[in-house]
Every structure is written in C-alpha cells, then in structure tokens.
Amino acid sequence: MKNIWGKIVYYFTKALEFIYDLVENILEVIINAADSIRLFIIPIVLFFVIGIVTIPLLLLLVFTGPGAFLLIATIIVFSISILGRSVLNSFRKVKYAQINFLYDYARYEMEGGVENKTYQFYKDKYDEIQRRKFEEELRREEERRRERQRQQEKQWREFFEQNFGGYSSSQDGYGGYQGSSGQRGPGAFVGFKQKYEEACDVLGVPYDADFSTIKAAYRKLAKKYHPDISKERHAEEMFKKVNNAFDFLSEENVRRYKNM
C-alpha cells in the first residue's frame with residue numbers, strides 16, 4: 001500500500017514540476033518584456049511629466065479616458081519590472097523546496113529506509129546552492145577581471161615607458177616617472193590622474209587608499225550590485241561600473257598614483 005501511495009506522490013510531483021516549469025518560463029518572459037517596455041516608456045513618461053508642468057491641463061488626460069488606461073498600464077509595467085526578479089527568485093526557491101521534498105517523500109514511501117528530509121531543509125539547501133553559485137560567479141569574474149587588469153597594465157606600462165622612460169627612485173626615497181630629460185612631466189599625467197580618481201569615486205574610497213582598502217570596497221559593492229541578488233534598479237549598470245573601476249585600480253596603478 002505504501003508503495004502505491006509513493007508512486008502516486010511521485011507522478012503527482014512530476015506533473016507539478018511540469019506546471020512549475022511552465023509558470024517559471026511564463027514569468028520570465030513577462031518580466032523580460034516588462035524590462036524592455038519600461039526602457040521604451042521612460043522617455044515618454046518624462047516627456048509627459050514635462051508637458052504637465054508646462055501645461056497643467058494635460059493632467060486631465062491622466063485621469064480620463066485612454067490616459068487612465070495608460071497610467072494603469074505604466075504602473076503595472078514598472079511594478080513588474082522592478083519587483084519581478086525578486087518574485088521570480090522567491091518562486092524558484094519555493095519550487096525547488098516543494099519538488100525535492102515531494103520526490104524525497106515519494107522515495108521514502110516506495111523504498112523505505114531513506115531519511116525523509118523536511119521542507120525547511122530544502123529551502124536552506126536552495127539558499128546554500130545559490131550562495132555557492134554566487135561565490136563561483138565572483139571567482140570567475142575575479143579571473144576575468146585579473147585578465148583585463150593584465151591587459152590594462154600592459155597598456156599603461158607601455159604608455160609610461162614611451163612618455164617617461166619608466167620609473168626611477170630618488171635619494172630621498174620617493175620615486176617618479178621621468179622622461180629623457182630626467183624631469184617629471186605632470187601635464188602628461190592628467191588623463192591617468194583623472195581616471196584614477198573617478199575610479200576611486202565609484203568605489204567610494206579616498207584617493208590615497210591602499211590596495212587592500214580598494215579591494216575590500218570592491219568586494220562589498222560587487223556583492224551589493226550583483227544582478228542575481230541585488231534589488232537595486234540599476235544593479236547591472238552599477239555592477240559593470242564597479243568592475244571597470246576595480247580593473248583600473250590595480251596595485252601597480254595605485255603605486256603609480258602615489259608616486260606622481
């Protein structure tokens with residue numbers, strides 16, 4: 001009897017998994033569509049707001065006829081676009097926990113002797129899987145970042161060697177980049193200095209910060225704006241800016257800036 005009940009639960013779970021997969025795919029399509037529509041709507045909304053400020057009578061269009069419909073549609077699109085990813089991630093967690101719990105229960109009923117894990121166990125396991133996935137993505141991003149840094153470092157090294165002949169150290173313990181005449185050329189550092197300080201501003205660190213401080217700030221912001229876990233509206237854009245800033249703030253460039 002238990003074996004029959006286990007098979008019923010098993011095939012019910014298979015059907016439920018199919019339904020959940022279908023719902024997940026539909027939600028993802030809706031959210032992606034809302035994201036695309038939001039990008040198209042934003043300029044229209046801004047233009048309309050400016051129009052209302054300029055011509056207050058346009059406000060009547062918002063609450064009457066087609067205007068009311070467009071207002072509701074806009075609110076719905078923005079709500080789906082902003083909250084959709086969070087809802088989808090929560091749905092995936094529930095799906096994972098329920099499906100695995102039911103499969104585990106079905107095996108327990110059919111085979112016996114198998115530990116019947118709790119629903120909370122699978123919720124916690126999902127969080128652990130996502131944490132490991134996030135750490136793995138950070139590790140891969142770190143490898144890509146190091147490769148980009150090596151390329152940038154090569155370009156900047158060539159730049160300084162061509163313009164200043166490399167780095168030299170003076171008797172007072174402070175070094176600098178020198179040209180063929182042996183004199184520093186601060187005017188040529190303007191582009192480097194500006195880019196360095198802009199990168200520091202992105203990471204929120206002082207210009208004289210050491211590399212360990214810069215790296216700690218990068219890790220904190222990378223986690224905050226990672227697209228898979230962040231609920232910030234411009235997470236993906238900020239994540240790219242943070243990575244680009246850290247790419248530039250290599251240990252060698254930190255030394256270069258301090259020796260200018």
# chains A, B, ... in the order shown; residues from 1 in each chain; ligands from 1

call {"tool": "residues_around", "arguments": {"residues": "range 205-208 of chain A", "least_positions_apart": "4", "cutoff": "9 Å", "atoms": "only C-alpha atoms", "output": "PyMOL selection string"}}
result
chain A and resi 196-197+199-201+213-214+217+254+257-258

call {"tool": "residues_around", "arguments": {"residues": "range 11-18 of chain A", "least_positions_apart": "3", "cutoff": "7 Å", "atoms": "only C-alpha atoms", "output": "mmCIF file with C-alpha atoms, in the first residue's frame"}}
result
data_model
loop_
_atom_site.group_PDB
_atom_site.id
_atom_site.type_symbol
_atom_site.label_atom_id
_atom_site.label_comp_id
_atom_site.auth_asym_id
_atom_site.auth_seq_id
_atom_site.Cartn_x
_atom_site.Cartn_y
_atom_site.Cartn_z
ATOM 1 C CA LYS A 7 4.085 6.138 -6.800
ATOM 2 C CA ILE A 8 1.013 8.389 -6.678
ATOM 3 C CA ASP A 21 8.476 24.914 -15.079
ATOM 4 C CA LEU A 22 5.773 26.301 -17.340
ATOM 5 C CA ILE A 99 9.546 19.462 -5.687
ATOM 6 C CA LEU A 102 7.854 15.607 -2.543
ATOM 7 C CA TYR A 103 10.339 13.482 -4.508
#

call {"tool": "closest_residue", "arguments": {"among": "A:Arg107, A:Phe211, A:Lys123, A:Ser81", "to": "Val94 in chain A", "atoms": "only C-alpha atoms"}}
result
A:Lys123

call {"tool": "atom_distance", "arguments": {"atom1": "CA of Lys195 in chain A", "atom2": "CA of Glu153 in chain A"}}
result
13.9 Å

call {"tool": "closest_residue", "arguments": {"among": "A:Asp104, A:Glu236, A:Glu251, A:Asp35", "to": "Ile82 in chain A", "atoms": "only C-alpha atoms"}}
result
A:Asp35

call {"tool": "residues_around", "arguments": {"residues": "Asn243 in chain A", "least_positions_apart": "5", "cutoff": "10 Å", "atoms": "only C-alpha atoms", "output": "PDB file with C-alpha atoms, in the first residue's frame"}}
result
ATOM      1  CA  GLU A 141      34.561  37.340 -12.536  1.00  0.00           C
ATOM      2  CA  GLU A 142      37.726  37.781 -10.476  1.00  0.00           C
ATOM      3  CA  ARG A 145      38.981  40.955 -14.021  1.00  0.00           C
ATOM      4  CA  ALA A 199      37.508  55.042 -10.278  1.00  0.00           C
ATOM      5  CA  VAL A 202      32.911  54.873  -7.988  1.00  0.00           C
ATOM      6  CA  LEU A 203      34.203  52.581  -5.218  1.00  0.00           C
ATOM      7  CA  TYR A 218      35.120  46.460  -4.426  1.00  0.00           C
ATOM      8  CA  ARG A 219      34.009  43.174  -2.833  1.00  0.00           C
ATOM      9  CA  LEU A 221      29.919  46.798  -3.820  1.00  0.00           C
ATOM     10  CA  ALA A 222      30.195  43.773  -6.138  1.00  0.00           C
ATOM     11  CA  MET A 238      26.454  49.668 -11.315  1.00  0.00           C
ATOM     12  CA  PHE A 248      41.768  50.156 -13.379  1.00  0.00           C
ATOM     13  CA  LEU A 249      42.787  50.369  -9.704  1.00  0.00           C
TER      14      LEU A 249
END

call {"tool": "closest_residue", "arguments": {"among": "A:Asn244, A:Ala216, A:Phe121, A:Ala209", "to": "Arg146 in chain A", "atoms": "only C-alpha atoms"}}
result
A:Asn244

call {"tool": "closest_residue", "arguments": {"among": "A:Ile72, A:Leu138, A:Val77, A:Ala106", "to": "Ser36 in chain A", "atoms": "only C-alpha atoms"}}
result
A:Val77

call {"tool": "residues_around", "arguments": {"residues": "range 23-30 of chain A", "least_positions_apart": "5", "cutoff": "8 Å", "atoms": "only C-alpha atoms", "output": "list in words"}}
result
Leu88, Phe91 and Arg92 of chain A

call {"tool": "closest_residue", "arguments": {"among": "A:Phe69, A:Tyr105, A:Phe40, A:Trp156", "to": "Tyr10 in chain A", "atoms": "only C-alpha atoms"}}
result
A:Tyr105

call {"tool": "residues_around", "arguments": {"residues": "range 225-231 of chain A", "least_positions_apart": "6", "cutoff": "8 Å", "atoms": "only C-alpha atoms", "output": "PyMOL selection string"}}
result
chain A and resi 82-83+85-86+134+238-239

call {"tool": "write_last_selection", "arguments": {"atoms": "all heavy atoms", "output": "PDB file, in the first residue's frame"}}
result
ATOM      1  N   ILE A  82      10.338  46.179 -11.719  1.00  0.00           N
ATOM      2  CA  ILE A  82      11.113  46.429 -10.503  1.00  0.00           C
ATOM      3  C   ILE A  82      11.045  45.251  -9.529  1.00  0.00           C
ATOM      4  O   ILE A  82      12.051  44.849  -8.945  1.00  0.00           O
ATOM      5  CB  ILE A  82      10.609  47.719  -9.815  1.00  0.00           C
ATOM      6  CG1 ILE A  82      10.905  48.932 -10.713  1.00  0.00           C
ATOM      7  CG2 ILE A  82      11.270  47.897  -8.452  1.00  0.00           C
ATOM      8  CD1 ILE A  82      10.242  50.214 -10.253  1.00  0.00           C
ATOM      9  N   LEU A  83       9.846  44.679  -9.358  1.00  0.00           N
ATOM     10  CA  LEU A  83       9.650  43.625  -8.362  1.00  0.00           C
ATOM     11  C   LEU A  83       9.732  42.216  -8.946  1.00  0.00           C
ATOM     12  O   LEU A  83       9.820  41.234  -8.196  1.00  0.00           O
ATOM     13  CB  LEU A  83       8.297  43.802  -7.670  1.00  0.00           C
ATOM     14  CG  LEU A  83       8.058  45.150  -6.985  1.00  0.00           C
ATOM     15  CD1 LEU A  83       6.632  45.215  -6.452  1.00  0.00           C
ATOM     16  CD2 LEU A  83       9.059  45.370  -5.856  1.00  0.00           C
ATOM     17  N   ARG A  85      11.955  40.326 -10.609  1.00  0.00           N
ATOM     18  CA  ARG A  85      13.090  39.438 -10.354  1.00  0.00           C
ATOM     19  C   ARG A  85      13.041  38.870  -8.942  1.00  0.00           C
ATOM     20  O   ARG A  85      13.348  37.694  -8.716  1.00  0.00           O
ATOM     21  CB  ARG A  85      14.406  40.185 -10.561  1.00  0.00           C
ATOM     22  CG  ARG A  85      14.644  40.646 -11.990  1.00  0.00           C
ATOM     23  CD  ARG A  85      14.822  39.482 -12.931  1.00  0.00           C
ATOM     24  NE  ARG A  85      14.807  39.912 -14.326  1.00  0.00           N
ATOM     25  CZ  ARG A  85      14.768  39.089 -15.351  1.00  0.00           C
ATOM     26  NH1 ARG A  85      14.734  37.781 -15.139  1.00  0.00           N
ATOM     27  NH2 ARG A  85      14.735  39.551 -16.585  1.00  0.00           N
ATOM     28  N   SER A  86      12.663  39.723  -7.996  1.00  0.00           N
ATOM     29  CA  SER A  86      12.566  39.266  -6.622  1.00  0.00           C
ATOM     30  C   SER A  86      11.486  38.199  -6.472  1.00  0.00           C
ATOM     31  O   SER A  86      11.674  37.180  -5.805  1.00  0.00           O
ATOM     32  CB  SER A  86      12.265  40.453  -5.694  1.00  0.00           C
ATOM     33  OG  SER A  86      12.108  40.028  -4.365  1.00  0.00           O
ATOM     34  N   PHE A 134      26.813  32.006  -6.387  1.00  0.00           N
ATOM     35  CA  PHE A 134      27.251  33.408  -6.359  1.00  0.00           C
ATOM     36  C   PHE A 134      28.760  33.495  -6.148  1.00  0.00           C
ATOM     37  O   PHE A 134      29.452  34.261  -6.825  1.00  0.00           O
ATOM     38  CB  PHE A 134      26.517  34.143  -5.244  1.00  0.00           C
ATOM     39  CG  PHE A 134      27.001  35.541  -5.003  1.00  0.00           C
ATOM     40  CD1 PHE A 134      26.739  36.543  -5.918  1.00  0.00           C
ATOM     41  CD2 PHE A 134      27.726  35.853  -3.859  1.00  0.00           C
ATOM     42  CE1 PHE A 134      27.194  37.836  -5.706  1.00  0.00           C
ATOM     43  CE2 PHE A 134      28.182  37.136  -3.644  1.00  0.00           C
ATOM     44  CZ  PHE A 134      27.916  38.131  -4.562  1.00  0.00           C
ATOM     45  N   MET A 238      25.507  49.371 -12.383  1.00  0.00           N
ATOM     46  CA  MET A 238      26.454  49.668 -11.315  1.00  0.00           C
ATOM     47  C   MET A 238      27.490  48.550 -11.167  1.00  0.00           C
ATOM     48  O   MET A 238      28.659  48.813 -10.874  1.00  0.00           O
ATOM     49  CB  MET A 238      25.703  49.868  -9.996  1.00  0.00           C
ATOM     50  CG  MET A 238      24.989  51.202  -9.879  1.00  0.00           C
ATOM     51  SD  MET A 238      26.142  52.604 -10.037  1.00  0.00           S
ATOM     52  CE  MET A 238      27.295  52.286  -8.690  1.00  0.00           C
ATOM     53  N   PHE A 239      27.059  47.309 -11.362  1.00  0.00           N
ATOM     54  CA  PHE A 239      27.986  46.182 -11.254  1.00  0.00           C
ATOM     55  C   PHE A 239      29.106  46.313 -12.291  1.00  0.00           C
ATOM     56  O   PHE A 239      30.281  46.067 -11.994  1.00  0.00           O
ATOM     57  CB  PHE A 239      27.218  44.877 -11.457  1.00  0.00           C
ATOM     58  CG  PHE A 239      28.039  43.642 -11.219  1.00  0.00           C
ATOM     59  CD1 PHE A 239      28.449  43.289  -9.945  1.00  0.00           C
ATOM     60  CD2 PHE A 239      28.398  42.824 -12.284  1.00  0.00           C
ATOM     61  CE1 PHE A 239      29.217  42.141  -9.728  1.00  0.00           C
ATOM     62  CE2 PHE A 239      29.159  41.683 -12.077  1.00  0.00           C
ATOM     63  CZ  PHE A 239      29.564  41.342 -10.794  1.00  0.00           C
TER      64      PHE A 239
END

call {"tool": "decode", "arguments": {"residues": "range 76-101 of chain A", "atoms": "N, CA, C and O atoms", "output": "PDB file, in the first residue's frame"}}
result
ATOM      1  N   ILE A  76       1.675  49.133 -13.861  1.00  0.00           N
ATOM      2  CA  ILE A  76       1.818  47.681 -13.875  1.00  0.00           C
ATOM      3  C   ILE A  76       3.168  47.268 -14.455  1.00  0.00           C
ATOM      4  O   ILE A  76       3.871  46.411 -13.892  1.00  0.00           O
ATOM      5  N   VAL A  77       3.547  47.884 -15.566  1.00  0.00           N
ATOM      6  CA  VAL A  77       4.825  47.553 -16.216  1.00  0.00           C
ATOM      7  C   VAL A  77       6.000  47.849 -15.290  1.00  0.00           C
ATOM      8  O   VAL A  77       6.911  47.020 -15.132  1.00  0.00           O
ATOM      9  N   PHE A  78       5.987  49.027 -14.662  1.00  0.00           N
ATOM     10  CA  PHE A  78       7.082  49.392 -13.763  1.00  0.00           C
ATOM     11  C   PHE A  78       7.127  48.476 -12.547  1.00  0.00           C
ATOM     12  O   PHE A  78       8.209  48.107 -12.074  1.00  0.00           O
ATOM     13  N   SER A  79       5.960  48.105 -12.031  1.00  0.00           N
ATOM     14  CA  SER A  79       5.908  47.208 -10.865  1.00  0.00           C
ATOM     15  C   SER A  79       6.485  45.847 -11.198  1.00  0.00           C
ATOM     16  O   SER A  79       7.271  45.280 -10.428  1.00  0.00           O
ATOM     17  N   ILE A  80       6.103  45.315 -12.364  1.00  0.00           N
ATOM     18  CA  ILE A  80       6.623  44.004 -12.786  1.00  0.00           C
ATOM     19  C   ILE A  80       8.125  44.077 -13.014  1.00  0.00           C
ATOM     20  O   ILE A  80       8.883  43.183 -12.607  1.00  0.00           O
ATOM     21  N   SER A  81       8.576  45.152 -13.654  1.00  0.00           N
ATOM     22  CA  SER A  81       9.991  45.291 -13.969  1.00  0.00           C
ATOM     23  C   SER A  81      10.837  45.417 -12.708  1.00  0.00           C
ATOM     24  O   SER A  81      11.919  44.834 -12.610  1.00  0.00           O
ATOM     25  N   ILE A  82      10.338  46.179 -11.719  1.00  0.00           N
ATOM     26  CA  ILE A  82      11.113  46.429 -10.503  1.00  0.00           C
ATOM     27  C   ILE A  82      11.045  45.251  -9.529  1.00  0.00           C
ATOM     28  O   ILE A  82      12.051  44.849  -8.945  1.00  0.00           O
ATOM     29  N   LEU A  83       9.846  44.679  -9.358  1.00  0.00           N
ATOM     30  CA  LEU A  83       9.650  43.625  -8.362  1.00  0.00           C
ATOM     31  C   LEU A  83       9.732  42.216  -8.946  1.00  0.00           C
ATOM     32  O   LEU A  83       9.820  41.234  -8.196  1.00  0.00           O
ATOM     33  N   GLY A  84       9.675  42.124 -10.269  1.00  0.00           N
ATOM     34  CA  GLY A  84       9.581  40.818 -10.921  1.00  0.00           C
ATOM     35  C   GLY A  84      10.706  39.858 -10.586  1.00  0.00           C
ATOM     36  O   GLY A  84      10.464  38.682 -10.294  1.00  0.00           O
ATOM     37  N   ARG A  85      11.955  40.326 -10.609  1.00  0.00           N
ATOM     38  CA  ARG A  85      13.090  39.438 -10.354  1.00  0.00           C
ATOM     39  C   ARG A  85      13.041  38.870  -8.942  1.00  0.00           C
ATOM     40  O   ARG A  85      13.348  37.694  -8.716  1.00  0.00           O
ATOM     41  N   SER A  86      12.663  39.723  -7.996  1.00  0.00           N
ATOM     42  CA  SER A  86      12.566  39.266  -6.622  1.00  0.00           C
ATOM     43  C   SER A  86      11.486  38.199  -6.472  1.00  0.00           C
ATOM     44  O   SER A  86      11.674  37.180  -5.805  1.00  0.00           O
ATOM     45  N   VAL A  87      10.329  38.429  -7.121  1.00  0.00           N
ATOM     46  CA  VAL A  87       9.235  37.459  -7.081  1.00  0.00           C
ATOM     47  C   VAL A  87       9.650  36.152  -7.752  1.00  0.00           C
ATOM     48  O   VAL A  87       9.372  35.059  -7.243  1.00  0.00           O
ATOM     49  N   LEU A  88      10.341  36.258  -8.890  1.00  0.00           N
ATOM     50  CA  LEU A  88      10.780  35.070  -9.620  1.00  0.00           C
ATOM     51  C   LEU A  88      11.765  34.247  -8.797  1.00  0.00           C
ATOM     52  O   LEU A  88      11.687  33.011  -8.759  1.00  0.00           O
ATOM     53  N   ASN A  89      12.693  34.926  -8.123  1.00  0.00           N
ATOM     54  CA  ASN A  89      13.661  34.215  -7.287  1.00  0.00           C
ATOM     55  C   ASN A  89      12.968  33.508  -6.122  1.00  0.00           C
ATOM     56  O   ASN A  89      13.336  32.378  -5.767  1.00  0.00           O
ATOM     57  N   SER A  90      11.958  34.157  -5.532  1.00  0.00           N
ATOM     58  CA  SER A  90      11.199  33.535  -4.447  1.00  0.00           C
ATOM     59  C   SER A  90      10.425  32.318  -4.966  1.00  0.00           C
ATOM     60  O   SER A  90      10.343  31.290  -4.289  1.00  0.00           O
ATOM     61  N   PHE A  91       9.864  32.454  -6.162  1.00  0.00           N
ATOM     62  CA  PHE A  91       9.122  31.347  -6.767  1.00  0.00           C
ATOM     63  C   PHE A  91      10.055  30.152  -7.009  1.00  0.00           C
ATOM     64  O   PHE A  91       9.685  28.996  -6.755  1.00  0.00           O
ATOM     65  N   ARG A  92      11.256  30.429  -7.503  1.00  0.00           N
ATOM     66  CA  ARG A  92      12.211  29.351  -7.771  1.00  0.00           C
ATOM     67  C   ARG A  92      12.602  28.624  -6.481  1.00  0.00           C
ATOM     68  O   ARG A  92      12.793  27.405  -6.471  1.00  0.00           O
ATOM     69  N   LYS A  93      12.715  29.387  -5.404  1.00  0.00           N
ATOM     70  CA  LYS A  93      13.052  28.765  -4.115  1.00  0.00           C
ATOM     71  C   LYS A  93      11.930  27.850  -3.647  1.00  0.00           C
ATOM     72  O   LYS A  93      12.182  26.716  -3.202  1.00  0.00           O
ATOM     73  N   VAL A  94      10.683  28.329  -3.739  1.00  0.00           N
ATOM     74  CA  VAL A  94       9.527  27.513  -3.346  1.00  0.00           C
ATOM     75  C   VAL A  94       9.438  26.268  -4.227  1.00  0.00           C
ATOM     76  O   VAL A  94       9.199  25.155  -3.742  1.00  0.00           O
ATOM     77  N   LYS A  95       9.635  26.456  -5.525  1.00  0.00           N
ATOM     78  CA  LYS A  95       9.583  25.331  -6.467  1.00  0.00           C
ATOM     79  C   LYS A  95      10.623  24.272  -6.106  1.00  0.00           C
ATOM     80  O   LYS A  95      10.310  23.075  -6.039  1.00  0.00           O
ATOM     81  N   TYR A  96      11.854  24.720  -5.893  1.00  0.00           N
ATOM     82  CA  TYR A  96      12.930  23.775  -5.572  1.00  0.00           C
ATOM     83  C   TYR A  96      12.612  23.005  -4.288  1.00  0.00           C
ATOM     84  O   TYR A  96      12.751  21.768  -4.239  1.00  0.00           O
ATOM     85  N   ALA A  97      12.186  23.726  -3.257  1.00  0.00           N
ATOM     86  CA  ALA A  97      11.924  23.092  -1.966  1.00  0.00           C
ATOM     87  C   ALA A  97      10.755  22.112  -2.053  1.00  0.00           C
ATOM     88  O   ALA A  97      10.837  20.984  -1.560  1.00  0.00           O
ATOM     89  N   GLN A  98       9.663  22.532  -2.684  1.00  0.00           N
ATOM     90  CA  GLN A  98       8.484  21.663  -2.765  1.00  0.00           C
ATOM     91  C   GLN A  98       8.742  20.422  -3.602  1.00  0.00           C
ATOM     92  O   GLN A  98       8.409  19.299  -3.197  1.00  0.00           O
ATOM     93  N   ILE A  99       9.320  20.594  -4.788  1.00  0.00           N
ATOM     94  CA  ILE A  99       9.546  19.462  -5.687  1.00  0.00           C
ATOM     95  C   ILE A  99      10.500  18.448  -5.067  1.00  0.00           C
ATOM     96  O   ILE A  99      10.236  17.229  -5.081  1.00  0.00           O
ATOM     97  N   ASN A 100      11.598  18.924  -4.493  1.00  0.00           N
ATOM     98  CA  ASN A 100      12.563  17.999  -3.895  1.00  0.00           C
ATOM     99  C   ASN A 100      12.019  17.338  -2.636  1.00  0.00           C
ATOM    100  O   ASN A 100      12.304  16.155  -2.380  1.00  0.00           O
ATOM    101  N   PHE A 101      11.233  18.077  -1.872  1.00  0.00           N
ATOM    102  CA  PHE A 101      10.609  17.485  -0.679  1.00  0.00           C
ATOM    103  C   PHE A 101       9.641  16.375  -1.080  1.00  0.00           C
ATOM    104  O   PHE A 101       9.631  15.297  -0.476  1.00  0.00           O
TER     105      PHE A 101
END
